[in-house]
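*Asks:* Have a look at this one before I ask anything.
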Amino acid sequence: MGLMTSPRQVTQLLSHRWGPKFFTLSQSVPELNLWNRQLCRSLSSGEAFTALKPFFFAVHPDLFGQFPKERAVNEDSLKQLNSYIESATVNRPLPSTHLTFYLRTGSPRVSLPTITNFQSVNITLGNKDVRKTIHSILESCNLPTSYLDNLPQASSEYVRSHMEAHHYKTENEMNKYYTRPEDVQDVENDIEDALNAQDSLRVWLEANVLSARKKLLDCWPIREDVVKLKQTISDSLGVLDVIWECGWGIKHCRGCLQSFLSLAHHHPESMKILRGKTIIFGRETGINLDGHVILNSGEVRANWLDSIKRANRHNVIISRIPRVELALSRALKDINIVHRKFEPTRMVDHYESNLTKLITSIGDYKGRCTFPSQWPRSLSHLELVVESDSGPLMLSPTGQIIVPSSCPPFLLVNFITDKMEEATSKLDQYKKEKYEERDLHSRCMIELGLYALEKADNVTPSLMIDCLNRLLCRAEELNPILTGCHLWVTTYYSVQSDGEICIPWNFK
């Protein structure tokens, strides 16, 4: 997710991502509309998301493009908040969850947030009363609650009888009761100013490359320390590999590795579990589907130790996953069950139950209906990714069908029918593009004289190919500037604290 081409898309994106998708689903499928209204609490999901719009404006990840850590935290926390609201409005169990958000504060007339004009806010979810939870969130961030306060605390009978009318009055009610935060327009203007200020790639590089080279040189001894620390961990504990995937700088990486070695020194017996495994320092703590041990780089060592001690408990679940994936594949005409490309690793917790839930619903569907006659005998040419209840139903840029485990089977069947041809085309395109991207990457490394060339997870092969081709067209011009640099292809311009240079894939 990067800066949008138009600042007005901030509002549009919030609407499409958090609110109206629930209206769209209920309006297009009357059965689901009735189901939602019958289970509704005092607030519908649409009302909840409308009430939270001031909050979304303050924490939107696109406002933190030059701060990967804060941006990643907000993006992950927003997903969990979305899941909470969806669960709370349909009476699902609500485990207590603690979230952290970074808010944009300070002077409204700055191009983007700086280290001094955003603050962290801790929020606890788990209260079954959605209204109280949202009110608490808004108050803790000093945001307006007028829209929420003016919503009637109606009974479910009232909601059922008036929900249909509410769909058509939402915008008017919002205009009547909801006052936009004073700096929302400033946020939009800031994004527009930042986009307009981005000059050509060469101009930006010439203004920043000396600073990047100095930072890269200053951090060189730290990089050497990191290599030595990884080797020490591998040799002393017998781990297969140590991987850094959290997006923080090299200094933080060294600190984490040093803390881990200290932990290993004080708890040698517990570390024996890690022999033959891979350790990944990321944004979560747990075990992923490959059996790798994931340690959150921001957590305390005690949490690391607890996770390591429990590592072998997941072996039984991991061993069952292939059989459950095969069962789902056979239920859907041998469709390939895979995981998202270019996304953080999936944790084993809850994945098996997500698969089982979808298998059960597909089985019920097949007991009542048959698959469409236009489907081929096998769907083995397609790829399906199963996500949590709050995940999207969508077709990824690489052709994968993404489905939430709670998706009604008739919706999934219709979606596969509608998107089958497009999915096949995108999958074929990706298979070709990944090899083309690999060749262009090698050429750029040589012709630009780069020390390293990497890309962000949200830069797909087609976007990367476009970027690399344009870099190669200007290789003679850019080589003297970029020689010896560590280049990242992302969605924004930035020089990181360790000297890594970030450029948008669609640079001018």
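To be explicit about the labels: the chains of the structure tokens are called A, B, and onward in the order shown, and within each one the residues are counted from 1, while ligands get numbers from 1 in the order they are shown.
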Within 7 Å of A:Thr424, counting only C-alpha atoms, which residues qualify if same-chain residues fewer than 3 places away don't, as a PyMOL selection string?
*Replies:* chain A and resi 382+399+420-421+427-428
*Asks:* Emit the selected residues as a PDB file, in the first residue's frame, including C-alpha atoms.
*Replies:*
ATOM      1  CA  LEU A 382      -6.409 -22.527 -10.433  1.00  0.00           C
ATOM      2  CA  GLY A 399      -4.168 -14.763 -10.244  1.00  0.00           C
ATOM      3  CA  MET A 420     -12.002 -18.317 -13.777  1.00  0.00           C
ATOM      4  CA  GLU A 421     -10.804 -16.993 -17.115  1.00  0.00           C
ATOM      5  CA  LEU A 427      -1.498 -17.102 -13.324  1.00  0.00           C
ATOM      6  CA  ASP A 428      -0.010 -17.756 -16.758  1.00  0.00           C
TER       7      ASP A 428
END
*Asks:* So the first atom is atom CA of A:Tyr102 and the second is atom CA of A:Leu216; what is the distance between them in Å, to one decimal place?
*Replies:*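 These atoms are spaced 27.8 Å apart.
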*Asks:* Find the residues near stretch 434-439 of chain A: any atom within 7 Å, counting only C-alpha atoms, skip ones fewer than 5 places away on the same chain, and give them as a PyMOL selection string.
*Replies:* chain A and resi 461+464-465
*Asks:* Create the file for the chosen residues now, containing all heavy atoms and written as a tab-separated table (two decimals), in the first residue's frame.
*Replies:*
chain	number	residue	atom	x	y	z
A	461	PRO	N	5.36	-8.67	-9.66
A	461	PRO	CA	6.32	-8.84	-10.76
A	461	PRO	C	6.09	-7.88	-11.92
A	461	PRO	O	7.05	-7.35	-12.49
A	461	PRO	CB	6.12	-10.29	-11.17
A	461	PRO	CG	5.69	-10.97	-9.93
A	461	PRO	CD	4.82	-9.97	-9.22
A	464	MET	N	7.37	-4.54	-10.95
A	464	MET	CA	8.83	-4.58	-10.85
A	464	MET	C	9.47	-4.61	-12.23
A	464	MET	O	10.48	-3.95	-12.47
A	464	MET	CB	9.25	-5.80	-10.04
A	464	MET	CG	10.73	-5.85	-9.70
A	464	MET	SD	11.20	-4.50	-8.58
A	464	MET	CE	12.90	-5.00	-8.18
A	465	ILE	N	8.88	-5.37	-13.13
A	465	ILE	CA	9.42	-5.44	-14.50
A	465	ILE	C	9.38	-4.07	-15.16
A	465	ILE	O	10.35	-3.65	-15.81
A	465	ILE	CB	8.62	-6.47	-15.32
A	465	ILE	CG1	8.97	-7.89	-14.87
A	465	ILE	CG2	8.90	-6.32	-16.82
A	465	ILE	CD1	8.08	-8.96	-15.47
*Asks:* Which residues, written as a list of chain:residue names, have at least one atom at most 7 Å from A:Ala456, with only C-alpha atoms counted and residues fewer than 2 positions away on the same chain left out?
*Replies:*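 Using only C-alpha atoms, the neighbours found are A:Asn458, A:Val459, A:Val489, A:Thr490.
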*Asks:* What is the atom CA of A:Ser307-atom CA of A:Thr278 distance in Å, reported with one decimal?
*Replies:*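 Result for atom CA of A:Ser307 versus atom CA of A:Thr278: 13.8 Å, one decimal.
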*Asks:* Which residues are close to A:Leu103, i.e. within 7 Å by only C-alpha atoms, leaving aside same-chain residues fewer than 5 positions away? Reply as an NGL selection string.
*Replies:* :A and (58-59 or 118-120)
*Asks:* My list of candidates is A:Pro54, A:Pro144, A:Gly282, A:Pro408. Which is closest to A:Ile243 when distances are computed with only C-alpha atoms?
*Replies:* A:Gly282
*Asks:* List as a list in words the protein and nucleic acid residues near A:Ser329, meaning an atom at most 12 Å away when only C-alpha atoms are counted, but skip any in the same chain fewer than 6 places from it.
*Replies:*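 Answer for this query is Pro322, Arg323, Ile335, Asn336, Ile337, Val338, Leu355, Thr356, Leu358, Ile359, Ile362, Gly363, Ser378, Leu379, Ser380, His381, Leu382, Glu383, Leu384, Val385 and Val386 of chain A.
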*Asks:* Can you pull out the residues contacting stretch 222-233 of chain A? Cut-off 9 Å, using only C-alpha atoms, and skip same-chain residues under 6 positions away; I want them as a count of residues only.
*Replies:* 13
*Asks:* Hey, which of A:Leu143, A:Lys341, A:Glu245, A:Glu269 ends up closest to A:Asn296? Count only C-alpha atoms.
*Replies:*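 The shortest atom-to-atom distance to A:Asn296 comes from A:Glu245.
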*Asks:* Can you list, as a PyMOL selection string, all residues belonging to stretch 354-408 of chain A that DSSP tags as strand (DSSP E or B)?
*Replies:* chain A and resi 383-387+394-395+401-404
*Asks:* Which residue is closest to A:Pro504? Choose from A:Tyr365, A:Trp204, A:Phe101, A:Tyr492 and count only C-alpha atoms.
*Replies:*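 Of the candidates, the smallest distance to A:Pro504 is held by A:Tyr492.
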*Asks:* Hey, which of A:Gly238, A:His339, A:Leu217, A:Ser396 ends up closest to A:Cys485? Count only C-alpha atoms.
*Replies:*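 Closest to A:Cys485, using only C-alpha atoms: A:Leu217.
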